[in-house]
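Enquirer: What follows is the file coords.cif, containing mmCIF, C-alpha atoms:
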data_coords
loop_
_atom_site.label_atom_id
_atom_site.label_comp_id
_atom_site.auth_asym_id
_atom_site.auth_seq_id
_atom_site.Cartn_x
_atom_site.Cartn_y
_atom_site.Cartn_z
CA MET A 1 99.33 160.45 261.09
CA GLU A 2 96.37 162.69 261.85
CA ASN A 3 94.79 161.94 258.46
CA TYR A 4 94.31 158.32 259.45
CA PHE A 5 91.22 159.10 261.45
CA ARG A 6 90.09 162.73 261.36
CA MET A 7 86.77 163.08 259.52
CA ASP A 8 85.87 166.42 261.09
CA SER A 9 86.78 168.52 264.11
CA ILE A 10 85.19 166.14 266.62
CA PRO A 11 87.73 163.82 268.31
CA GLY A 12 86.98 160.19 269.00
CA SER A 13 87.06 158.39 272.34
CA LEU A 14 89.16 155.26 272.83
CA LEU A 15 88.44 153.24 275.97
CA VAL A 16 91.19 150.72 276.81
CA ILE A 17 90.10 147.88 279.09
CA GLY A 18 93.08 146.43 280.99
CA GLY A 19 96.71 146.95 280.02
CA ARG A 20 99.54 148.80 281.68
CA GLY A 21 99.57 152.22 280.01
CA ASP A 22 101.99 151.54 277.13
CA SER A 23 103.82 154.22 275.13
CA TRP A 24 101.41 153.95 272.20
CA TYR A 25 98.70 155.52 274.40
CA GLU A 26 100.51 158.86 274.22
CA LYS A 27 100.94 158.71 270.45
CA VAL A 28 97.24 158.02 269.95
CA ALA A 29 96.37 160.89 272.31
CA LEU A 30 98.74 163.25 270.45
CA SER A 31 96.84 162.44 267.24
CA GLY A 32 93.69 163.93 268.73
CA TRP A 33 92.04 160.96 270.41
CA LYS A 34 90.68 161.06 273.93
CA VAL A 35 92.20 157.93 275.49
CA GLU A 36 90.84 156.56 278.77
CA ARG A 37 91.97 153.39 280.51
CA CYS A 38 89.89 151.14 282.75
CA GLY A 39 92.11 149.09 285.02
CA ASP A 40 89.23 147.74 287.12
CA LEU A 41 86.62 145.81 285.16
CA ARG A 42 83.99 146.52 287.79
CA LEU A 43 84.17 150.20 286.83
CA GLY A 44 83.88 149.46 283.11
CA GLN A 45 80.11 149.80 282.82
CA ALA A 46 80.06 153.16 284.61
CA MET A 47 82.83 154.47 282.34
CA ILE A 48 81.01 153.35 279.19
CA GLU A 49 77.79 155.00 280.36
CA ARG A 50 79.73 158.23 280.96
CA ILE A 51 81.62 158.18 277.65
CA GLY A 52 78.80 156.93 275.41
CA PRO A 53 79.35 155.44 271.92
CA CYS A 54 83.09 154.95 271.43
CA ILE A 55 85.84 152.59 270.30
CA GLY A 56 86.74 149.96 272.92
CA LEU A 57 90.07 148.13 272.99
CA ILE A 58 90.38 145.01 275.15
CA ASP A 59 94.03 144.57 276.17
CA LEU A 60 94.50 140.85 276.79
CA THR A 61 98.31 140.86 276.83
CA ASN A 62 98.57 140.76 280.63
CA ASP A 63 95.65 138.41 281.42
CA ASP A 64 94.14 141.05 283.71
CA PHE A 65 90.58 139.76 283.62
CA SER A 66 88.66 136.56 282.92
CA LEU A 67 87.29 136.28 279.39
CA SER A 68 83.79 135.52 280.70
CA ALA A 69 83.75 138.77 282.69
CA ILE A 70 84.95 140.75 279.66
CA ALA A 71 82.41 139.00 277.41
CA TYR A 72 79.63 140.04 279.81
CA LEU A 73 80.69 143.69 279.58
CA VAL A 74 81.05 143.56 275.79
CA THR A 75 77.68 141.83 275.26
CA ASN A 76 75.88 144.50 277.29
CA ASN A 77 77.41 147.37 275.31
CA LYS A 78 76.64 146.89 271.63
CA HIS A 79 77.06 150.61 270.93
CA VAL A 80 80.81 150.29 271.57
CA ARG A 81 82.90 149.01 268.63
CA TRP A 82 85.23 146.49 270.25
CA MET A 83 88.80 145.52 269.26
CA ALA A 84 91.38 143.28 270.92
CA TYR A 85 95.12 143.58 271.63
CA ILE A 86 96.98 140.30 272.20
CA LYS A 87 100.36 138.61 272.06
CA ASP A 88 101.28 136.39 269.09
CA ARG A 89 101.31 133.24 271.23
CA GLN A 90 97.72 133.89 272.35
CA LEU A 91 96.55 133.08 268.83
CA ASN A 92 97.12 129.45 269.83
CA GLN A 93 94.48 129.71 272.55
CA ASP A 94 91.04 128.66 271.32
CA SER A 95 89.24 130.76 273.94
CA ILE A 96 91.04 133.94 272.83
CA CYS A 97 90.34 133.26 269.15
CA GLN A 98 86.69 132.53 269.88
CA PHE A 99 86.35 135.74 271.88
CA ILE A 100 87.82 137.82 269.04
CA VAL A 101 85.61 136.18 266.40
CA ASN A 102 82.43 136.55 268.48
CA PHE A 103 82.88 140.03 269.87
CA CYS A 104 85.56 142.06 268.05
CA ILE A 105 85.64 143.91 264.73
CA ASP A 106 89.48 143.88 264.60
CA PHE A 107 92.54 142.80 266.60
CA PHE A 108 96.22 143.71 266.90
CA THR A 109 99.25 141.77 268.11
CA SER A 110 102.07 143.09 270.29
CA PRO A 111 104.02 145.30 269.72
CA MET A 112 101.18 147.65 268.83
CA PRO A 113 101.25 148.64 265.12
CA GLU A 114 100.47 152.29 265.77
CA LYS A 115 99.72 153.38 262.20
CA LEU A 116 97.43 150.41 261.64
CA LEU A 117 95.70 151.11 264.96
CA LEU A 118 95.07 154.76 264.03
CA SER A 119 93.78 153.75 260.62
CA SER A 120 91.44 151.13 262.06
CA ILE A 121 90.00 153.18 264.92
CA GLY A 122 89.63 156.13 262.52
CA HIS A 123 87.54 153.98 260.20
CA GLN A 124 85.39 152.78 263.10
CA LEU A 125 84.91 156.37 264.26
CA GLY A 126 83.59 157.12 260.79
CA MET A 127 81.21 154.15 261.07
CA LEU A 128 79.92 155.46 264.41
CA LYS A 129 79.19 158.84 262.84
CA LEU A 130 77.47 157.29 259.83
CA GLU A 131 75.34 155.14 262.13
CA LYS A 132 74.27 158.22 264.02
CA LYS A 133 72.98 159.70 260.76
CA VAL A 134 71.29 156.52 259.56
CA TRP A 135 69.91 155.58 262.98
CA PRO A 136 69.24 159.00 264.61
CA ASP A 137 66.95 157.51 267.26
CA ASN A 138 68.93 154.39 268.01
CA LEU A 139 69.23 153.10 271.53
CA SER A 140 72.94 153.79 271.80
CA ASP A 141 72.21 157.48 272.20
CA ASN A 142 69.58 156.87 274.87
CA GLN A 143 69.93 153.42 276.30
CA ASP A 144 67.65 153.89 279.24
CA CYS A 145 64.32 155.53 278.57
CA LEU A 146 60.66 154.94 279.33
CA ILE A 147 58.87 154.45 276.02
CA GLY A 148 55.17 155.07 275.51
CA ASN A 149 52.46 157.65 276.07
CA SER A 150 49.83 155.66 277.92
CA LEU A 151 48.36 157.25 281.02
CA PRO A 152 50.28 154.96 283.44
CA THR A 153 53.58 155.70 281.66
CA LYS A 154 52.96 159.45 281.66
CA ARG A 155 52.21 159.32 285.37
CA LEU A 156 55.33 157.23 285.98
CA ARG A 157 57.46 159.84 284.20
CA GLU A 158 55.91 162.60 286.29
CA GLN A 159 56.53 160.63 289.48
CA ILE A 160 60.17 160.03 288.52
CA LYS A 161 60.60 163.74 287.83
CA ARG A 162 59.20 164.64 291.25
CA ILE A 163 61.26 162.20 293.31
CA ALA A 164 64.54 162.09 291.36
CA ASN A 165 66.25 164.99 293.08
CA THR A 166 65.50 163.81 296.59
CA ASP A 167 67.99 161.51 298.31
CA ALA A 168 65.27 159.37 299.87
CA ASN A 169 65.39 155.59 299.61
CA ILE A 170 62.90 154.07 297.15
CA ILE A 171 61.05 150.77 296.74
CA ILE A 172 60.14 149.92 293.12
CA SER A 173 57.50 147.21 292.83
CA GLY A 174 55.98 145.43 289.86
CA GLU A 175 55.68 142.10 288.10
CA ARG A 176 58.68 140.33 286.60
CA GLY A 177 59.81 141.90 283.34
CA VAL A 178 57.97 145.24 283.64
CA GLY A 179 61.19 147.28 283.61
CA LYS A 180 61.94 148.04 287.25
CA ARG A 181 65.66 148.39 286.53
CA LEU A 182 64.84 150.86 283.76
CA VAL A 183 62.77 152.94 286.17
CA ALA A 184 65.61 152.95 288.70
CA LYS A 185 68.07 154.05 286.00
CA SER A 186 65.66 156.79 284.91
CA ILE A 187 65.49 158.05 288.49
CA HIS A 188 69.29 158.05 288.67
CA ASP A 189 69.66 159.81 285.30
CA SER A 190 67.14 162.50 286.30
CA SER A 191 68.88 163.20 289.61
CA SER A 192 71.89 165.27 290.63
CA ARG A 193 73.78 161.95 290.91
CA SER A 194 73.55 161.25 287.17
CA LYS A 195 77.28 161.82 286.56
CA GLU A 196 78.19 159.25 289.20
CA PRO A 197 77.94 155.43 288.99
CA PHE A 198 74.68 153.50 288.77
CA VAL A 199 75.46 150.08 290.28
CA VAL A 200 73.14 147.07 290.19
CA VAL A 201 73.27 143.99 292.41
CA SER A 202 70.80 141.09 292.45
CA CYS A 203 69.96 139.36 295.72
CA SER A 204 68.71 136.23 293.96
CA ALA A 205 71.89 135.90 291.88
CA LEU A 206 74.36 135.91 294.78
CA SER A 207 74.84 133.50 297.65
CA GLU A 208 74.68 134.87 301.18
CA LYS A 209 78.48 134.87 301.61
CA ARG A 210 79.14 136.31 298.16
CA PHE A 211 76.61 139.10 298.75
CA GLU A 212 78.35 139.86 302.02
CA ARG A 213 81.75 140.07 300.32
CA GLU A 214 80.78 141.91 297.12
CA VAL A 215 78.27 144.41 298.52
CA PHE A 216 79.60 145.14 302.01
CA GLY A 217 83.27 144.28 301.45
CA PHE A 218 83.59 141.62 304.16
CA GLU A 219 86.64 139.31 304.12
CA ARG A 220 88.53 142.04 302.29
CA GLU A 221 91.84 140.33 303.02
CA THR A 222 90.88 137.54 300.59
CA GLN A 223 90.16 139.99 297.76
CA PRO A 224 92.69 141.16 295.13
CA PRO A 225 94.48 144.53 295.55
CA GLY A 226 92.31 147.52 294.70
CA PHE A 227 89.08 145.65 295.49
CA GLN A 228 85.99 147.81 295.94
CA SER A 229 82.66 146.69 297.34
CA LYS A 230 79.47 147.55 295.44
CA LEU A 231 78.72 150.23 298.02
CA GLU A 232 82.11 151.82 297.37
CA GLU A 233 81.58 151.61 293.60
CA ALA A 234 78.26 153.42 294.01
CA HIS A 235 79.77 156.24 296.11
CA GLY A 236 78.18 159.50 294.98
CA GLY A 237 75.71 157.62 292.82
CA THR A 238 72.94 155.04 293.16
CA LEU A 239 72.88 151.39 294.24
CA LEU A 240 69.95 149.32 292.94
CA ILE A 241 69.35 146.14 294.95
CA LYS A 242 67.14 143.82 292.88
CA ASP A 243 64.80 141.18 294.31
CA ILE A 244 65.11 142.55 297.84
CA THR A 245 62.81 139.86 299.33
CA ALA A 246 65.49 137.27 298.48
CA LEU A 247 67.96 139.02 300.79
CA PRO A 248 68.87 136.72 303.74
CA LYS A 249 68.10 138.04 307.21
CA SER A 250 71.77 138.39 308.11
CA GLN A 251 72.28 140.66 305.08
CA GLN A 252 69.08 142.55 305.93
CA ASN A 253 70.74 143.45 309.22
CA HIS A 254 73.94 144.56 307.43
CA LEU A 255 71.89 146.78 305.09
CA LEU A 256 69.91 148.19 308.01
CA ASN A 257 73.16 149.05 309.81
CA PHE A 258 74.60 150.67 306.69
CA ILE A 259 71.53 152.88 306.13
CA ASN A 260 71.68 154.03 309.76
CA HIS A 261 75.48 154.40 309.69
CA PRO A 262 76.73 154.65 306.04
CA VAL A 263 80.30 153.56 306.64
CA VAL A 264 82.31 150.67 305.17
CA LEU A 265 85.61 149.28 306.41
CA THR A 266 88.41 149.53 303.84
CA GLU A 267 92.11 148.67 303.86
CA LEU A 268 92.79 152.24 305.00
CA GLY A 269 90.13 152.27 307.72
CA GLU A 270 86.53 153.45 307.82
CA ARG A 271 85.13 155.29 304.82
CA THR A 272 81.84 157.20 304.77
CA ILE A 273 79.76 156.31 301.71
CA ASP A 274 77.26 158.64 300.04
CA THR A 275 74.96 156.50 297.94
CA ARG A 276 71.25 156.43 297.28
CA ILE A 277 69.62 153.05 297.92
CA ILE A 278 66.87 151.86 295.57
CA VAL A 279 65.40 148.36 295.96
CA SER A 280 63.09 146.47 293.65
CA THR A 281 60.70 143.59 294.24
CA TYR A 282 58.14 141.57 292.33
CA ASN A 283 56.79 140.09 295.59
CA ASP A 284 54.47 141.72 298.13
CA LEU A 285 57.05 143.22 300.46
CA GLU A 286 54.47 144.13 303.11
CA GLN A 287 53.28 140.52 303.15
CA THR A 288 56.84 139.27 303.75
CA VAL A 289 57.08 141.71 306.66
CA GLN A 290 53.84 140.33 308.15
CA GLU A 291 55.18 136.80 307.73
CA LYS A 292 58.36 137.92 309.53
CA GLU A 293 60.50 136.97 306.53
CA PHE A 294 61.65 140.56 306.10
CA SER A 295 62.81 143.05 308.72
CA SER A 296 60.04 145.51 309.53
CA GLU A 297 62.62 148.09 310.64
CA LEU A 298 64.45 147.83 307.30
CA PHE A 299 61.15 147.95 305.42
CA TYR A 300 60.15 151.27 307.00
CA LEU A 301 63.60 152.72 306.38
CA LEU A 302 63.35 151.81 302.69
CA LYS A 303 59.70 152.79 302.25
CA ILE A 304 60.25 156.53 302.21
CA LEU A 305 59.09 156.60 298.60
CA LYS A 306 57.37 153.85 296.63
CA VAL A 307 57.02 153.47 292.87
CA HIS A 308 54.79 150.85 291.26
CA VAL A 309 55.37 149.87 287.63
CA THR A 310 52.17 148.88 285.85
CA PRO A 311 52.19 145.57 283.92
CA LEU A 312 52.22 145.87 280.13
CA LYS A 313 48.70 144.41 279.76
CA GLU A 314 47.39 147.49 281.62
CA ARG A 315 49.18 149.94 279.31
CA CYS A 316 48.49 148.33 275.96
CA GLY A 317 48.78 151.76 274.34
CA ASP A 318 52.56 151.51 274.83
CA VAL A 319 53.00 148.22 272.98
CA ALA A 320 53.25 149.73 269.47
CA SER A 321 55.72 152.43 270.56
CA ILE A 322 57.97 149.94 272.36
CA ALA A 323 57.84 147.46 269.48
CA HIS A 324 58.69 150.07 266.82
CA TYR A 325 61.50 151.48 268.96
CA TYR A 326 63.19 148.13 269.41
CA VAL A 327 62.78 147.13 265.78
CA GLN A 328 65.16 149.97 264.99
CA GLN A 329 67.59 148.91 267.72
CA PHE A 330 67.66 145.21 266.88
CA SER A 331 67.80 145.82 263.13
CA ARG A 332 70.89 147.93 263.68
CA GLU A 333 72.43 145.45 266.11
CA TYR A 334 71.92 142.41 263.87
CA ASN A 335 72.29 144.23 260.54
CA THR A 336 68.90 143.14 259.15
CA GLN A 337 66.51 144.85 256.71
CA ALA A 338 63.48 145.14 259.01
CA ARG A 339 62.36 148.73 259.51
CA SER A 340 58.67 148.64 260.52
CA ILE A 341 55.78 146.42 261.68
CA SER A 342 52.56 145.89 259.72
CA SER A 343 49.26 147.21 261.11
CA GLN A 344 47.91 143.65 261.40
CA ALA A 345 50.89 142.59 263.51
CA ILE A 346 50.64 145.69 265.70
CA LYS A 347 46.95 144.95 266.32
CA ALA A 348 47.80 141.40 267.41
CA LEU A 349 50.62 142.62 269.67
CA THR A 350 48.32 145.18 271.26
CA HIS A 351 45.62 142.60 272.05
CA TYR A 352 48.00 140.02 273.48
CA HIS A 353 48.13 139.90 277.31
CA TRP A 354 51.95 139.78 277.73
CA PRO A 355 52.36 137.64 280.85
CA GLY A 356 56.12 138.17 280.54
CA ASN A 357 55.63 141.94 280.24
CA VAL A 358 58.14 144.16 278.41
CA ARG A 359 60.84 141.49 278.57
CA GLU A 360 58.61 139.09 276.62
CA LEU A 361 57.75 141.80 274.08
CA LEU A 362 61.45 142.55 273.48
CA ASN A 363 62.17 138.86 272.91
CA GLN A 364 59.30 138.65 270.43
CA VAL A 365 60.53 141.73 268.55
CA LYS A 366 64.09 140.39 268.48
CA ARG A 367 62.86 137.09 267.04
CA ALA A 368 60.76 138.87 264.41
CA VAL A 369 63.70 141.06 263.35
CA LEU A 370 65.92 138.00 262.93
CA VAL A 371 63.45 135.88 260.91
CA CYS A 372 62.08 138.71 258.74
CA ASP A 373 63.82 138.99 255.36
CA GLY A 374 62.06 142.15 254.20
CA LEU A 375 61.47 145.73 255.29
CA VAL A 376 58.12 145.11 257.01
CA ILE A 377 57.63 142.64 259.88
CA GLU A 378 54.38 140.68 259.52
CA LEU A 379 52.32 138.78 262.10
CA GLU A 380 53.80 135.48 260.89
CA HIS A 381 57.26 136.59 262.04
CA PHE A 382 56.11 136.66 265.68
CA ASP A 383 55.56 133.57 267.79
CA LEU A 384 52.46 134.56 269.75
CA PRO A 385 50.57 131.72 271.48
CA THR A 386 47.40 132.03 269.39
CA GLN A 387 45.93 128.90 270.93
CA ILE A 388 45.72 130.72 274.26
CA GLN A 389 44.04 133.74 272.69
CA ASN A 390 41.49 131.54 270.92
CA THR A 391 40.27 130.02 274.20
CA ARG A 392 39.22 133.37 275.66
CA SER A 393 35.57 133.51 276.63
CA LEU A 394 33.08 136.09 275.40
CA LYS A 395 33.09 137.62 278.89
CA MET A 396 36.88 138.05 278.78
CA ILE A 397 36.68 139.70 275.36
CA ARG A 398 34.00 142.12 276.62
CA GLU A 399 36.03 142.91 279.75
CA ASP A 400 39.15 143.60 277.68
CA SER A 401 37.24 145.81 275.25
CA GLU A 402 35.69 147.79 278.11
CA LYS A 403 39.08 148.26 279.76
CA GLU A 404 40.74 149.31 276.49
CA ALA A 405 37.97 151.85 275.86
CA LEU A 406 38.39 153.33 279.35
CA ILE A 407 42.15 153.65 278.93
CA LYS A 408 41.84 155.30 275.52
CA ILE A 409 39.21 157.82 276.64
CA LEU A 410 41.31 158.72 279.69
CA GLU A 411 44.39 159.21 277.53
CA LEU A 412 42.36 161.40 275.18
CA HIS A 413 41.45 163.67 278.12
CA ASP A 414 44.87 163.55 279.84
CA GLY A 415 43.51 161.57 282.78
CA GLN A 416 40.62 163.95 283.55
CA VAL A 417 37.96 161.59 284.93
CA SER A 418 35.12 164.14 284.74
CA LEU A 419 35.70 164.88 281.03
CA ALA A 420 36.07 161.18 280.22
CA ALA A 421 32.81 160.34 282.04
CA LYS A 422 31.01 163.14 280.23
CA GLU A 423 32.08 161.85 276.81
CA LEU A 424 31.01 158.31 277.73
CA LYS A 425 27.70 159.75 279.02
CA ILE A 426 28.02 158.13 282.42
CA SER A 427 28.25 159.59 285.93
CA ARG A 428 31.53 160.20 287.67
CA ALA A 429 30.57 157.59 290.27
CA THR A 430 30.07 154.97 287.54
CA MET A 431 33.33 156.02 285.92
CA TYR A 432 35.23 155.56 289.19
CA ARG A 433 33.54 152.19 289.74
CA LEU A 434 34.68 151.01 286.31
CA LEU A 435 38.20 152.32 286.87
CA GLY A 436 38.36 150.48 290.16
CA LYS A 437 36.96 147.31 288.60
CA HIS A 438 39.71 147.24 285.99
CA LYS A 439 42.41 148.52 288.40
CA ILE A 440 43.24 151.41 286.11
CA ILE A 441 43.32 153.91 288.96
CA SER A 442 43.95 152.78 292.52
CA GLU A 443 41.68 153.89 295.32
#
Output the structure of this file as structure tokens.

Expert:
Amino acid sequence: MENYFRMDSIPGSLLVIGGRGDSWYEKVALSGWKVERCGDLRLGQAMIERIGPCIGLIDLTNDDFSLSAIAYLVTNNKHVRWMAYIKDRQLNQDSICQFIVNFCIDFFTSPMPEKLLLSSIGHQLGMLKLEKKVWPDNLSDNQDCLIGNSLPTKRLREQIKRIANTDANIIISGERGVGKRLVAKSIHDSSSRSKEPFVVVSCSALSEKRFEREVFGFERETQPPGFQSKLEEAHGGTLLIKDITALPKSQQNHLLNFINHPVVLTELGERTIDTRIIVSTYNDLEQTVQEKEFSSELFYLLKILKVHVTPLKERCGDVASIAHYYVQQFSREYNTQARSISSQAIKALTHYHWPGNVRELLNQVKRAVLVCDGLVIELEHFDLPTQIQNTRSLKMIREDSEKEALIKILELHDGQVSLAAKELKISRATMYRLLGKHKIISE
């Protein structure tokens, strides 16, 4: 039976979502596989992040979870090769069939055909290993990383390195789509909490009552057995609260109380929670405090450390690196031929202002990968709003050129203002004035 999957001495990992721990688990484990079961879908993401690229088996035989919740997990983890385990009668359910066709590379019907299972997961293990050779830098090996070598990105990496191993609360600010979640994940991954869960909750995506239930665990008696609040899920790790200015005042008070007294009420009584709180915002949080829309006491508790993520238009030197990186990822994900971007297209991407920031760039790259039928992506494969670029005034073009030159000369001298000013043959005072004018370096 061992020959069905062993390609070398490295065992594979099989993550089973749902199920009841059937006898075939043991037989697969005896064949050399590392089998782990996730009985709580809310812990699925954390388990996948810990295990890394693996074979995933969705056990649908007991109707443990909703298909939409499973589809969300599957969609966000393309580096896992997903299979399904169902009962014969479930083949008559359109939703089950659609799920298998859309998300799974294989499926099995009960009772589990053990030899066929070992053969199939062994083949998929081989595919994972081949992909690692063909795509050595693919995103599945490093899903969360800050790409680019512009001065703002280098400084952001240095800042993350300095603050990661503290337990202080952090506010991450920046425009929509700049990658605030990615920065929070980088802080978590660089900290001593990296082996524990990284949990994300969005204030704008949850109603006031739902936020109260899911984050703080209120009305626990109405929840299913084994329910854990987001704070409990993040125990030992990090909780990122997105769009903090959308948090209702009642929930601001709950969060304030938790930070001062980190205890949640469970079925077994009070439980002390050790979690680092990171919040993100695209609004001016200080302004909301002045307008009395946000608790000043909570603001000062959160504002122990503050990280600002620069918009993409102010780190244009990162555009090419990000675009090339995601061409590799999306080409792998969608099985297309695209491998690189032409110099003309890169020039256009670099000069575009990216109002939607990194999120917009990723969508543009994904589109280009899908419509390109060759190895090289050309400018025509992108959908940049050229009509907007063509209406730019001469003054705007001059301003952009001046700013780009300043950024490049600073990068060349590793941020040393004196050396950059000397090469440009201007005084340090003039250099600082220009940097302030273009908001490259804050006062």

Enquirer: Just want the 7 Å neighbourhood of stretch 346-352 of chain A, counted on all atoms listed in the file, with same-chain residues fewer than 5 positions away dropped. Output as a list in words.

Expert: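 The residues that qualify are Cys316, Val319, Ala320 and Ile341 of chain A.
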
Enquirer: Find the spatial neighbours of A:His413, counting only C-alpha atoms, within a cut-off of 10 Å - ignore same-chain residues fewer than 6 positions away - and output them as an MDAnalysis selection string.

Expert: chainID A and resid 151 419:420 423

Enquirer: For C-alpha atoms, I'd like the residues from the last selection saved as a PDB file, in the frame of the given file.

Expert:
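File out.pdb, as written:
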ATOM      1  CA  LEU A 151      48.360 157.250 281.020  1.00  0.00           C
ATOM      2  CA  LEU A 419      35.700 164.880 281.030  1.00  0.00           C
ATOM      3  CA  ALA A 420      36.070 161.180 280.220  1.00  0.00           C
ATOM      4  CA  GLU A 423      32.080 161.850 276.810  1.00  0.00           C
TER       5      GLU A 423
END

Enquirer: Starting from the displayed file, determine the output of the PyMOL selection byres ((chain A and resi 73) around 12) and express the residue list as a PyMOL selection string.

Expert: chain A and resi 17+41-49+56+58+65-72+74-80+82+103

Enquirer: On this file, the PyMOL selection byres ((chain A and resi 337) around 8) gives some set of residues; write that set as an NGL selection string.

Expert: :A and (331 or 335-336 or 338-339 or 372-375)

Enquirer: Calculated over only C-alpha atoms, which of the candidates A:Leu91, A:Ile322, A:Leu231, A:Ile86 has the smallest distance to A:Cys145?

Expert: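 Selected residue with least distance to A:Cys145: A:Ile322.
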
Enquirer: So what do you get for atom CA of A:Met431 versus atom CA of A:Glu411, distance-wise?

Expert: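 Interatomic distance, atom CA of A:Met431 to atom CA of A:Glu411: 14.2 Å.
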
Enquirer: I'd like the residues picked by the PyMOL selection byres ((chain A and resi 25-29) around 12) written out as a PyMOL selection string, using the chain letters and numbers from the file.

Expert: chain A and resi 1-2+4-5+11-16+19-24+30-37+57+112-122

Enquirer: Next, dump the selected residues to file, keeping only C-alpha atoms, as a short mmCIF file (atom, residue, chain, number, x, y, z; two decimals), keeping the file's coordinate frame.

Expert:
data_model
loop_
_atom_site.label_atom_id
_atom_site.label_comp_id
_atom_site.auth_asym_id
_atom_site.auth_seq_id
_atom_site.Cartn_x
_atom_site.Cartn_y
_atom_site.Cartn_z
CA MET A 1 99.33 160.45 261.09
CA GLU A 2 96.37 162.69 261.85
CA TYR A 4 94.31 158.32 259.45
CA PHE A 5 91.22 159.10 261.45
CA PRO A 11 87.73 163.82 268.31
CA GLY A 12 86.98 160.19 269.00
CA SER A 13 87.06 158.39 272.34
CA LEU A 14 89.16 155.26 272.83
CA LEU A 15 88.44 153.24 275.97
CA VAL A 16 91.19 150.72 276.81
CA GLY A 19 96.71 146.95 280.02
CA ARG A 20 99.54 148.80 281.68
CA GLY A 21 99.57 152.22 280.01
CA ASP A 22 101.99 151.54 277.13
CA SER A 23 103.82 154.22 275.13
CA TRP A 24 101.41 153.95 272.20
CA LEU A 30 98.74 163.25 270.45
CA SER A 31 96.84 162.44 267.24
CA GLY A 32 93.69 163.93 268.73
CA TRP A 33 92.04 160.96 270.41
CA LYS A 34 90.68 161.06 273.93
CA VAL A 35 92.20 157.93 275.49
CA GLU A 36 90.84 156.56 278.77
CA ARG A 37 91.97 153.39 280.51
CA LEU A 57 90.07 148.13 272.99
CA MET A 112 101.18 147.65 268.83
CA PRO A 113 101.25 148.64 265.12
CA GLU A 114 100.47 152.29 265.77
CA LYS A 115 99.72 153.38 262.20
CA LEU A 116 97.43 150.41 261.64
CA LEU A 117 95.70 151.11 264.96
CA LEU A 118 95.07 154.76 264.03
CA SER A 119 93.78 153.75 260.62
CA SER A 120 91.44 151.13 262.06
CA ILE A 121 90.00 153.18 264.92
CA GLY A 122 89.63 156.13 262.52
#

Enquirer: Quick one: axis-aligned box around all listed atoms of stretch 280-285 of chain A, 6 Å on every side, centre and edge lengths in Å to one decimal, written as AutoDock Vina command-line options.

Expert:
--center_x 58.8 --center_y 143.3 --center_z 296.4 --size_x 20.6 --size_y 18.4 --size_z 20.1

Enquirer: At most 10 Å from (56.7, 135.2, 263.2), file frame, only C-alpha atoms: which residues, as a PyMOL selection string?

Expert: chain A and resi 345+364-365+367-372+377-384

Enquirer: State, in Å with one decimal place, the distance from atom CA of A:Gly174 to atom CA of A:Leu240.

Expert: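 For atom CA of A:Gly174 relative to atom CA of A:Leu240, the distance reads 14.8 Å.
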